[in-house]
$ cat target_4.tsv   # TSV, C-alpha atoms
chain	number	residue	atom	x	y	z
A	1125	MET	CA	0.00	0.00	0.00
A	1126	LEU	CA	2.76	2.46	0.92
A	1127	ASP	CA	4.57	2.06	-2.38
A	1128	ARG	CA	1.34	2.77	-4.29
A	1129	ALA	CA	0.58	6.06	-2.51
A	1130	ARG	CA	0.73	9.67	-3.71
A	1131	VAL	CA	-0.08	12.71	-1.56
A	1132	VAL	CA	-1.59	15.80	-3.18
A	1133	ALA	CA	-2.50	19.29	-1.96
A	1134	LEU	CA	-5.30	20.76	-4.09
A	1135	PRO	CA	-6.32	24.45	-3.89
A	1136	LEU	CA	-10.00	25.30	-3.40
A	1137	ARG	CA	-11.81	28.11	-5.21
A	1138	THR	CA	-13.45	29.30	-1.99
A	1139	ARG	CA	-12.62	28.62	1.64
A	1140	PHE	CA	-14.71	25.61	2.71
A	1141	ARG	CA	-14.90	23.89	6.08
A	1142	GLY	CA	-12.13	26.22	7.24
A	1143	VAL	CA	-9.59	25.11	4.62
A	1144	ASP	CA	-8.18	26.65	1.44
A	1145	VAL	CA	-6.20	23.57	0.38
A	1146	ARG	CA	-7.46	19.98	0.48
A	1147	GLU	CA	-4.85	17.30	1.06
A	1148	ALA	CA	-5.44	13.66	0.13
A	1149	MET	CA	-3.54	10.40	-0.22
A	1150	LEU	CA	-4.26	8.52	-3.44
A	1151	PHE	CA	-3.47	4.87	-4.12
A	1152	ASP	CA	-2.83	3.27	-7.51
A	1153	ALA	CA	-4.49	0.06	-6.30
A	1154	PRO	CA	-5.14	-3.24	-8.12
A	1155	GLY	CA	-8.87	-2.50	-8.28
A	1156	GLY	CA	-8.38	1.07	-9.51
A	1157	TRP	CA	-7.39	4.37	-7.92
A	1158	ALA	CA	-8.61	4.87	-4.35
A	1159	GLU	CA	-8.42	7.75	-1.86
A	1160	TRP	CA	-7.77	8.22	1.82
A	1161	SER	CA	-8.39	11.79	2.99
A	1162	PRO	CA	-9.58	12.06	6.60
A	1163	PHE	CA	-9.48	15.64	7.78
A	1164	PRO	CA	-6.24	16.57	9.58
A	1165	GLU	CA	-7.79	16.83	13.04
A	1166	TYR	CA	-9.08	13.23	13.00
A	1167	GLY	CA	-7.23	10.70	15.15
A	1168	PRO	CA	-6.18	7.16	14.15
A	1169	GLU	CA	-9.46	5.50	15.16
A	1170	GLU	CA	-11.64	7.79	13.06
A	1171	ALA	CA	-9.11	7.91	10.22
A	1172	SER	CA	-9.05	4.11	10.11
A	1173	ARG	CA	-12.73	4.05	9.06
A	1174	TRP	CA	-11.85	6.22	6.08
A	1175	LEU	CA	-9.03	3.79	5.32
A	1176	ARG	CA	-11.49	0.86	5.26
A	1177	CYS	CA	-13.29	2.67	2.47
A	1178	ALA	CA	-10.09	3.07	0.44
A	1179	VAL	CA	-9.19	-0.58	0.96
A	1180	GLU	CA	-12.67	-1.69	-0.13
A	1181	LEU	CA	-12.48	0.39	-3.32
A	1182	GLY	CA	-8.89	-0.44	-4.22
A	1183	TRP	CA	-8.45	-3.98	-2.96
A	1184	GLY	CA	-11.96	-5.29	-2.25
A	1185	ALA	CA	-15.36	-5.84	-3.84
A	1186	PRO	CA	-17.79	-2.97	-3.15
A	1187	PRO	CA	-21.49	-3.36	-4.01
A	1188	THR	CA	-22.40	-3.13	-7.69
A	1189	PRO	CA	-24.19	0.02	-8.92
A	1190	VAL	CA	-27.77	-0.41	-10.11
A	1191	VAL	CA	-27.88	2.94	-11.99
A	1192	GLU	CA	-25.35	4.63	-14.27
A	1193	SER	CA	-25.58	8.17	-12.88
A	1194	VAL	CA	-26.63	9.97	-9.71
A	1195	GLU	CA	-28.66	13.15	-9.24
A	1196	VAL	CA	-26.63	15.69	-7.26
A	1197	ASN	CA	-27.07	19.00	-5.47
A	1198	ALA	CA	-25.12	22.22	-5.87
A	1199	THR	CA	-23.14	23.44	-2.86
A	1200	ILE	CA	-22.76	27.09	-1.87
A	1201	PRO	CA	-20.05	27.89	0.71
A	1202	ALA	CA	-20.52	30.65	3.28
A	1203	VAL	CA	-19.77	33.44	0.79
A	1204	ASP	CA	-20.49	37.03	1.83
A	1205	VAL	CA	-23.03	38.31	-0.69
A	1206	SER	CA	-22.88	41.81	0.79
A	1207	ALA	CA	-19.23	41.99	-0.25
A	1208	ASP	CA	-19.71	40.20	-3.58
A	1209	GLY	CA	-23.22	40.27	-4.96
A	1210	GLU	CA	-22.33	37.94	-7.86
A	1211	ALA	CA	-20.61	35.23	-5.79
A	1212	VAL	CA	-23.66	32.96	-5.60
A	1213	ALA	CA	-24.41	33.32	-9.33
A	1214	ARG	CA	-20.83	32.41	-10.27
A	1215	LEU	CA	-20.97	29.33	-8.05
A	1216	LEU	CA	-24.34	28.13	-9.33
A	1217	GLU	CA	-23.15	28.36	-12.94
A	1218	ARG	CA	-20.80	25.47	-12.15
A	1219	TYR	CA	-23.73	23.12	-11.46
A	1220	PRO	CA	-25.61	22.77	-14.78
A	1221	GLY	CA	-29.04	21.23	-14.36
A	1222	CYS	CA	-28.94	21.03	-10.56
A	1223	ALA	CA	-32.21	22.12	-8.97
A	1224	THR	CA	-31.29	21.19	-5.40
A	1225	VAL	CA	-28.83	23.43	-3.55
A	1226	LYS	CA	-27.10	23.07	-0.20
A	1227	VAL	CA	-26.11	26.38	1.39
A	1228	LYS	CA	-23.62	26.61	4.24
A	1229	VAL	CA	-24.87	28.66	7.22
A	1230	ALA	CA	-23.83	29.41	10.82
A	1231	GLU	CA	-20.31	30.29	9.76
A	1232	ALA	CA	-18.16	31.72	12.55
A	1233	GLY	CA	-18.03	35.50	12.30
A	1234	GLN	CA	-21.25	35.74	10.28
A	1235	THR	CA	-24.84	36.46	11.27
A	1236	VAL	CA	-28.25	35.00	10.51
A	1237	ALA	CA	-28.80	38.03	8.26
A	1238	ASP	CA	-25.76	36.90	6.22
A	1239	ASP	CA	-27.27	33.41	5.96
A	1240	VAL	CA	-30.65	34.77	4.86
A	1241	ALA	CA	-29.01	36.97	2.22
A	1242	ARG	CA	-27.09	33.98	0.83
A	1243	VAL	CA	-30.18	31.76	0.69
A	1244	ASP	CA	-32.26	34.56	-0.83
A	1245	ALA	CA	-29.58	35.05	-3.50
A	1246	VAL	CA	-29.90	31.35	-4.41
A	1247	ARG	CA	-33.68	31.63	-4.67
A	1248	ALA	CA	-33.41	34.81	-6.77
A	1249	TRP	CA	-30.99	33.16	-9.22
A	1250	PHE	CA	-33.39	30.28	-9.82
A	1251	SER	CA	-36.43	32.56	-9.93
A	1252	SER	CA	-34.86	34.52	-12.79
A	1253	ARG	CA	-34.71	31.21	-14.67
A	1254	HIS	CA	-38.28	30.23	-13.74
A	1255	VAL	CA	-37.09	27.25	-11.70
A	1256	ALA	CA	-38.30	26.38	-8.21
A	1257	PRO	CA	-35.25	24.99	-6.37
A	1258	LYS	CA	-35.04	22.76	-3.34
A	1259	VAL	CA	-32.85	24.63	-0.86
A	1260	ARG	CA	-31.15	22.90	2.05
A	1261	VAL	CA	-28.96	24.58	4.62
A	1262	ASP	CA	-26.10	23.06	6.61
A	1263	ALA	CA	-25.12	24.52	9.98
A	1264	ASN	CA	-22.53	21.88	10.94
A	1265	GLY	CA	-23.80	21.98	14.53
A	1266	GLY	CA	-23.14	25.70	14.81
A	1267	TRP	CA	-26.32	26.77	16.63
A	1268	THR	CA	-27.89	26.27	20.03
A	1269	PRO	CA	-31.49	24.98	19.86
A	1270	ALA	CA	-32.92	28.47	20.45
A	1271	GLU	CA	-30.62	29.99	17.82
A	1272	ALA	CA	-31.55	27.22	15.39
A	1273	VAL	CA	-35.28	27.78	15.71
A	1274	ASP	CA	-34.94	31.54	15.25
A	1275	ALA	CA	-32.59	31.09	12.29
A	1276	ILE	CA	-34.87	28.55	10.60
A	1277	ALA	CA	-37.82	30.89	11.07
A	1278	ALA	CA	-35.84	33.66	9.35
A	1279	LEU	CA	-34.62	31.39	6.56
A	1280	THR	CA	-38.11	30.12	5.74
A	1281	ARG	CA	-39.70	33.57	5.44
A	1282	GLY	CA	-38.47	33.86	1.87
A	1283	GLY	CA	-39.46	30.34	0.86
A	1284	PRO	CA	-39.44	26.72	1.99
A	1285	LEU	CA	-36.37	24.71	2.97
A	1286	ASP	CA	-35.87	21.13	1.83
A	1287	TYR	CA	-34.18	20.46	5.17
A	1288	VAL	CA	-31.80	21.88	7.77
A	1289	GLU	CA	-28.69	19.77	8.21
A	1290	GLN	CA	-27.17	19.34	11.66
A	1291	PRO	CA	-28.44	22.59	13.22
A	1292	CYS	CA	-27.06	21.58	16.66
A	1293	ARG	CA	-24.48	19.15	17.98
A	1294	THR	CA	-26.35	16.53	20.03
A	1295	VAL	CA	-29.22	14.09	19.54
A	1296	GLY	CA	-31.17	15.77	22.33
A	1297	GLU	CA	-30.72	19.20	20.79
A	1298	LEU	CA	-31.93	18.03	17.38
A	1299	ALA	CA	-35.02	16.52	19.00
A	1300	GLU	CA	-35.60	19.78	20.88
A	1301	VAL	CA	-35.39	21.78	17.64
A	1302	ARG	CA	-37.91	19.47	15.93
A	1303	ARG	CA	-40.37	19.91	18.80
A	1304	ALA	CA	-39.93	23.68	18.90
A	1305	LEU	CA	-40.46	24.03	15.15
A	1306	SER	CA	-43.65	21.99	15.41
A	1307	ARG	CA	-44.95	24.20	18.25
A	1308	ARG	CA	-44.30	27.34	16.20
A	1309	GLY	CA	-45.85	25.88	13.05
A	1310	ILE	CA	-42.58	26.08	11.09
A	1311	VAL	CA	-42.25	23.36	8.46
A	1312	ALA	CA	-38.63	22.25	7.97
A	1313	ARG	CA	-37.15	18.78	8.03
A	1314	ILE	CA	-34.11	18.19	10.25
A	1315	ALA	CA	-31.18	16.18	8.90
A	1316	ALA	CA	-28.40	14.50	10.88
A	1317	ASP	CA	-24.84	14.34	9.54
A	1318	GLU	CA	-22.10	14.42	12.19
A	1319	LEU	CA	-24.34	12.45	14.56
A	1320	ILE	CA	-24.27	9.61	12.00
A	1321	ARG	CA	-20.77	9.67	10.53
A	1322	LYS	CA	-18.99	10.30	13.85
A	1323	ALA	CA	-21.13	8.02	16.02
A	1324	ASP	CA	-20.33	4.54	17.31
A	1325	ASP	CA	-23.97	3.73	16.51
A	1326	PRO	CA	-24.91	5.62	13.31
A	1327	LEU	CA	-28.59	4.72	13.78
A	1328	ALA	CA	-28.95	6.13	17.29
A	1329	VAL	CA	-30.13	9.58	16.16
A	1330	VAL	CA	-32.71	7.97	13.83
A	1331	ARG	CA	-34.03	5.59	16.50
A	1332	ALA	CA	-34.36	8.56	18.87
A	1333	GLY	CA	-36.71	10.26	16.41
A	1334	ALA	CA	-34.40	13.28	16.30
A	1335	CYS	CA	-34.12	13.61	12.51
A	1336	ASP	CA	-36.21	13.42	9.36
A	1337	VAL	CA	-33.28	12.84	6.98
A	1338	ALA	CA	-30.02	10.91	7.44
A	1339	VAL	CA	-26.86	12.10	5.69
A	1340	VAL	CA	-24.48	9.22	5.01
A	1341	LYS	CA	-20.92	9.41	3.71
A	1342	ALA	CA	-18.90	6.51	2.33
A	1343	ALA	CA	-15.44	7.26	3.72
A	1344	PRO	CA	-16.45	8.28	7.28
A	1345	LEU	CA	-18.73	5.24	7.61
A	1346	GLY	CA	-16.09	2.83	6.34
A	1347	GLY	CA	-17.03	2.10	2.76
A	1348	VAL	CA	-19.68	1.63	0.11
A	1349	GLY	CA	-20.96	-1.61	1.62
A	1350	GLN	CA	-21.41	0.03	5.01
A	1351	VAL	CA	-23.37	2.93	3.48
A	1352	VAL	CA	-25.74	0.48	1.78
A	1353	ARG	CA	-26.22	-1.50	5.01
A	1354	VAL	CA	-26.84	1.62	7.11
A	1355	ALA	CA	-29.19	3.09	4.50
A	1356	GLU	CA	-31.24	-0.12	4.43
A	1357	GLU	CA	-31.65	-0.03	8.22
A	1358	ILE	CA	-32.50	3.67	8.22
A	1359	GLY	CA	-34.98	3.15	5.39
A	1360	ARG	CA	-36.83	0.51	7.40
A	1361	LEU	CA	-37.38	3.24	10.02
A	1362	GLY	CA	-38.99	5.43	7.36
A	1363	VAL	CA	-36.18	7.98	7.12
A	1364	PRO	CA	-34.72	8.88	3.69
A	1365	VAL	CA	-30.97	9.25	3.16
A	1366	THR	CA	-28.76	11.71	1.37
A	1367	VAL	CA	-25.44	10.26	0.25
A	1368	SER	CA	-22.93	13.07	0.56
A	1369	SER	CA	-19.24	13.81	0.18
A	1370	ALA	CA	-16.54	14.69	2.64
A	1371	LEU	CA	-14.81	17.09	0.23
A	1372	GLU	CA	-12.96	14.29	-1.54
A	1373	THR	CA	-11.10	14.63	-4.81
A	1374	ALA	CA	-12.56	13.18	-8.02
A	1375	VAL	CA	-10.97	9.86	-7.06
A	1376	GLY	CA	-12.52	9.69	-3.60
A	1377	MET	CA	-15.86	10.91	-4.93
A	1378	GLY	CA	-16.11	7.59	-6.72
A	1379	ALA	CA	-16.94	5.87	-3.43
A	1380	GLY	CA	-19.90	8.14	-2.70
A	1381	LEU	CA	-21.18	7.90	-6.26
A	1382	ARG	CA	-20.95	4.13	-6.16
A	1383	ALA	CA	-22.75	4.04	-2.82
A	1384	ALA	CA	-25.58	6.27	-4.07
A	1385	ALA	CA	-25.84	4.19	-7.25
A	1386	ALA	CA	-25.88	0.90	-5.32
A	1387	LEU	CA	-28.77	1.77	-3.01
A	1388	PRO	CA	-31.61	-0.72	-3.43
A	1389	VAL	CA	-35.26	0.31	-3.42
A	1390	LEU	CA	-35.72	1.09	0.27
A	1391	CYS	CA	-39.01	0.60	2.10
A	1392	ASP	CA	-40.14	1.24	5.66
A	1393	ALA	CA	-41.63	-1.42	7.93
A	1394	ASP	CA	-45.05	-0.94	6.24
A	1395	GLY	CA	-43.62	-1.43	2.75
A	1396	THR	CA	-43.85	2.25	1.78
A	1397	PRO	CA	-40.97	3.29	-0.53
A	1398	VAL	CA	-38.42	5.62	1.05
A	1399	HIS	CA	-36.67	7.41	-1.80
A	1400	PRO	CA	-33.16	8.84	-1.40
A	1401	ASN	CA	-32.59	12.57	-1.80
A	1402	PRO	CA	-30.36	14.12	-4.48
A	1403	ALA	CA	-26.80	13.39	-3.44
A	1404	GLY	CA	-24.27	15.88	-2.12
A	1405	LEU	CA	-21.56	14.56	-4.42
A	1406	ALA	CA	-20.77	17.52	-6.68
A	1407	THR	CA	-18.26	19.24	-4.43
A	1408	GLY	CA	-15.58	18.83	-7.10
A	1409	SER	CA	-16.80	22.22	-8.34
A	1410	LEU	CA	-15.26	23.73	-5.19
A	1411	PHE	CA	-11.74	22.76	-6.31
A	1412	GLU	CA	-9.56	25.16	-8.25
A	1413	VAL	CA	-7.64	22.10	-9.45
A	1414	ASP	CA	-8.76	18.48	-9.18
A	1415	VAL	CA	-6.94	15.30	-10.06
A	1416	ALA	CA	-9.57	14.25	-12.64
A	1417	ARG	CA	-12.90	15.36	-14.09
A	1418	ARG	CA	-16.38	14.35	-13.02
A	1419	ASP	CA	-18.65	16.50	-15.15
A	1420	ILE	CA	-22.20	17.41	-14.15
A	1421	VAL	CA	-24.63	16.73	-17.00
A	1422	ASP	CA	-28.28	17.71	-16.55
A	1423	GLY	CA	-27.86	17.70	-12.77
A	1424	ARG	CA	-26.31	14.23	-12.67
A	1425	ILE	CA	-22.80	12.72	-12.41
A	1426	ALA	CA	-21.84	9.43	-14.04
A	1427	VAL	CA	-20.76	6.57	-11.82
A	1428	GLY	CA	-17.42	4.92	-12.46
A	1429	PRO	CA	-13.68	5.10	-11.81
A	1430	VAL	CA	-11.37	7.89	-12.90
A	1431	ILE	CA	-7.63	7.95	-13.52
A	1432	PRO	CA	-5.76	10.94	-12.06
A	1433	ASP	CA	-4.02	13.32	-14.41
A	1434	ALA	CA	-0.31	12.57	-14.05
A	1435	ALA	CA	0.58	16.24	-14.51
A	1436	VAL	CA	-1.71	17.27	-11.63
A	1437	LEU	CA	-0.25	14.55	-9.41
A	1438	ASP	CA	3.18	16.08	-10.01
A	1439	GLU	CA	2.21	19.77	-9.95
A	1440	CYS	CA	0.09	19.43	-6.81
A	1441	ALA	CA	2.28	16.97	-4.95
A	1442	ALA	CA	2.40	17.74	-1.24
A	1443	SER	CA	5.64	19.06	0.24
A	1444	GLY	CA	8.10	16.62	1.69
A	1445	ALA	CA	7.11	17.44	5.27
A	1446	ARG	CA	3.39	17.04	4.55
A	1447	ARG	CA	4.00	13.85	2.63
A	1448	ASP	CA	5.93	12.39	5.56
A	1449	TRP	CA	3.11	13.44	7.93
A	1450	TRP	CA	0.55	11.58	5.82
A	1451	PHE	CA	2.68	8.43	5.68
A	1452	ARG	CA	3.11	8.45	9.47
A	1453	ARG	CA	-0.62	8.94	9.79
A	1454	LEU	CA	-1.28	6.03	7.45
A	1455	GLU	CA	0.87	3.77	9.60
A	1456	SER	CA	-1.15	4.77	12.68
A	1457	ALA	CA	-4.45	4.06	10.92
A	1458	LEU	CA	-3.16	0.71	9.66
A	1459	ASP	CA	-2.23	-0.20	13.24
A	1460	VAL	CA	-5.90	0.26	14.21
A	1461	LEU	CA	-7.04	-2.07	11.41
A	1462	ARG	CA	-4.49	-4.79	12.06
$ encode --input "target_4.tsv" --output "structure tokens"
Amino acid sequence: MLDRARVVALPLRTRFRGVDVREAMLFDAPGGWAEWSPFPEYGPEEASRWLRCAVELGWGAPPTPVVESVEVNATIPAVDVSADGEAVARLLERYPGCATVKVKVAEAGQTVADDVARVDAVRAWFSSRHVAPKVRVDANGGWTPAEAVDAIAALTRGGPLDYVEQPCRTVGELAEVRRALSRRGIVARIAADELIRKADDPLAVVRAGACDVAVVKAAPLGGVGQVVRVAEEIGRLGVPVTVSSALETAVGMGAGLRAAAALPVLCDADGTPVHPNPAGLATGSLFEVDVARRDIVDGRIAVGPVIPDAAVLDECAASGARRDWWFRRLESALDVLR
């Protein structure tokens, strides 16, 4: 594995999740190129789950896709529309055919008014094209329950929300937000992300009745097969899933696309179909440079492997110190799996 690894540092177009450069380790594996890219702050235990995903893709036998392409959503970072009124329009142009949009909110240093302006700019862009979008927002656990309810009230004044992803940090807080929204007559589904991908029991938040949507990610959960298994269990509880990315490169995005394409027809305990949501797997548009192309065509991305551009692998190779750090980190994650 070590002798098949390359480490890259890819610049982003816009700061996202607090980073301007996304680092990743890519493997030229027997089963095709695979990626391992846990975020830098993750320890060996959490990083080892991401490594299981890479091993499954590069050396294993992940579930077979049942469709050839996957419907995806656009993603809008926490851009300041007051400083740049065209920022949202420029971003949305990179997502041809996408009618579902995820907007980042609750960014440190910003206000609810900033969030509302960003969401309203998305709605205005679609309105000028006579399209009614589905708008989701993602707070990454950045609000208290009271802040979340007030923010959701403000964000829904200009139009409906598809759902609000991870408004608060804990299962109890998500349940509290759902109850408070119901009392105030505010219609907005609540989605869980971190409470699934970072949990020892990814179904706990669903069983607790604290969410209406479950966001599942291939690498954090440990692979394509694990996503399919978790989605089947969640579906039986009547909760739809959104397969999403963890800001992987075009190589790593293959795992999420394969997972979304491998989902069977899910039904709840009564046999009612539970359809997945458009996937959050088009974050390649956030990269200034990526290792390969995954084009969006009519709001969908084709499923299948990609081969990294050799020139990009060389031009965006991580520095010696960062490369050594990633190799030490890989050894620590391998120790967890052994």
$ closest_atom_pairs --input "target_4.tsv" --of "range 1280-1390 of chain A" --to "range 1145-1159 of chain A" --cutoff "10 Å" --atoms "only C-alpha atoms" --output "tab-separated table"
residue	atom	partner	partner_atom	distance
A:Ala1343	CA	A:Glu1159	CA	9.0
A:Leu1371	CA	A:Arg1146	CA	7.9
A:Glu1372	CA	A:Ala1148	CA	7.7
A:Thr1373	CA	A:Ala1148	CA	7.6
A:Ala1374	CA	A:Glu1159	CA	9.2
A:Val1375	CA	A:Ala1158	CA	6.1
A:Gly1376	CA	A:Glu1159	CA	4.9
A:Met1377	CA	A:Glu1159	CA	8.6
A:Gly1378	CA	A:Ala1158	CA	8.3
A:Ala1379	CA	A:Ala1158	CA	8.4
$ closest_residue --input "target_4.tsv" --among "A:Ile1200, A:Val1131, A:Ala1383, A:Ile1320" --to "Pro1400 in chain A" --atoms "all atoms listed in the file"
A:Ala1383
$ closest_residue --input "target_4.tsv" --among "A:Val1460, A:Ala1213, A:Leu1387, A:Val1301" --to "Asp1274 in chain A" --atoms "all atoms listed in the file"
A:Val1301
$ atom_distance --input "target_4.tsv" --atom1 "CA of Pro1432 in chain A" --atom2 "CA of Ser1369 in chain A"
18.4 Å
$ atom_distance --input "target_4.tsv" --atom1 "CA of Val1367 in chain A" --atom2 "CA of Val1415 in chain A"
21.8 Å
$ atom_distance --input "target_4.tsv" --atom1 "CA of Ala1441 in chain A" --atom2 "CA of Ala1129 in chain A"
11.3 Å
$ residues_near_point --input "target_4.tsv" --point "(-11.1, 3.9, 7.2)" --cutoff "12 Å" --atoms "all atoms listed in the file" --output "PyMOL selection string"
chain A and resi 1158-1163+1166-1181+1321+1341-1348+1350+1453-1454+1456-1462
$ residues_around --input "target_4.tsv" --residues "Thr1407 in chain A" --least-positions-apart "6" --cutoff "12 Å" --atoms "all atoms listed in the file" --output "ChimeraX atom specification"
/A:1136-1138,1140-1141,1146,1196-1201,1215-1216,1218-1219,1225-1226,1368-1374,1376-1377,1380-1381,1414,1417-1420,1425
$ closest_residue --input "target_4.tsv" --among "A:Gly1333, A:Gly1209, A:Pro1135, A:Gly1408" --to "Val1363 in chain A" --atoms "only C-alpha atoms"
A:Gly1333
$ closest_residue --input "target_4.tsv" --among "A:Arg1253, A:Lys1228, A:Arg1260, A:Arg1360" --to "Thr1280 in chain A" --atoms "only C-alpha atoms"
A:Arg1260
$ closest_residue --input "target_4.tsv" --among "A:Leu1390, A:Val1205, A:Val1413, A:Val1273" --to "Arg1307 in chain A" --atoms "all atoms listed in the file"
A:Val1273
$ residues_around --input "target_4.tsv" --residues "range 1281-1293 of chain A" --least-positions-apart "4" --cutoff "8 Å" --atoms "all atoms listed in the file" --output "JSON, numbers by chain"
{"A": [1244, 1258, 1259, 1260, 1261, 1262, 1263, 1264, 1265, 1266, 1267, 1268, 1269, 1272, 1276, 1277, 1297, 1298, 1311, 1312, 1313, 1314, 1315, 1316, 1317, 1318, 1319, 1337]}
$ build_atoms --input "target_4.tsv" --residues "range 1361-1374 of chain A" --atoms "N, CA and C atoms" --output "short mmCIF file (atom, residue, chain, number, x, y, z; two decimals), keeping the file's coordinate frame"
data_model
loop_
_atom_site.label_atom_id
_atom_site.label_comp_id
_atom_site.auth_asym_id
_atom_site.auth_seq_id
_atom_site.Cartn_x
_atom_site.Cartn_y
_atom_site.Cartn_z
N LEU A 1361 -36.80 2.35 9.00
CA LEU A 1361 -37.38 3.24 10.02
C LEU A 1361 -38.13 4.41 9.40
N GLY A 1362 -38.22 4.41 8.06
CA GLY A 1362 -38.99 5.43 7.36
C GLY A 1362 -38.28 6.74 7.13
N VAL A 1363 -36.95 6.75 7.28
CA VAL A 1363 -36.18 7.98 7.12
C VAL A 1363 -35.36 7.91 5.82
N PRO A 1364 -35.50 8.89 4.93
CA PRO A 1364 -34.72 8.88 3.69
C PRO A 1364 -33.27 9.30 3.94
N VAL A 1365 -32.39 8.92 3.03
CA VAL A 1365 -30.97 9.25 3.16
C VAL A 1365 -30.55 10.20 2.05
N THR A 1366 -29.50 10.95 2.36
CA THR A 1366 -28.76 11.71 1.37
C THR A 1366 -27.33 11.21 1.41
N VAL A 1367 -26.84 10.65 0.32
CA VAL A 1367 -25.44 10.26 0.25
C VAL A 1367 -24.64 11.52 -0.09
N SER A 1368 -23.65 11.82 0.71
CA SER A 1368 -22.93 13.07 0.56
C SER A 1368 -21.43 12.85 0.57
N SER A 1369 -20.69 13.90 0.25
CA SER A 1369 -19.24 13.81 0.18
C SER A 1369 -18.61 14.35 1.44
N ALA A 1370 -17.33 14.10 1.57
CA ALA A 1370 -16.54 14.69 2.64
C ALA A 1370 -15.40 15.50 2.01
N LEU A 1371 -15.76 16.25 0.96
CA LEU A 1371 -14.81 17.09 0.23
C LEU A 1371 -13.65 16.27 -0.33
N GLU A 1372 -13.99 15.11 -0.91
CA GLU A 1372 -12.96 14.29 -1.54
C GLU A 1372 -12.59 14.83 -2.92
N THR A 1373 -11.47 14.35 -3.44
CA THR A 1373 -11.10 14.63 -4.81
C THR A 1373 -11.99 13.80 -5.74
N ALA A 1374 -11.78 13.95 -7.05
CA ALA A 1374 -12.56 13.18 -8.02
C ALA A 1374 -12.37 11.68 -7.83
#
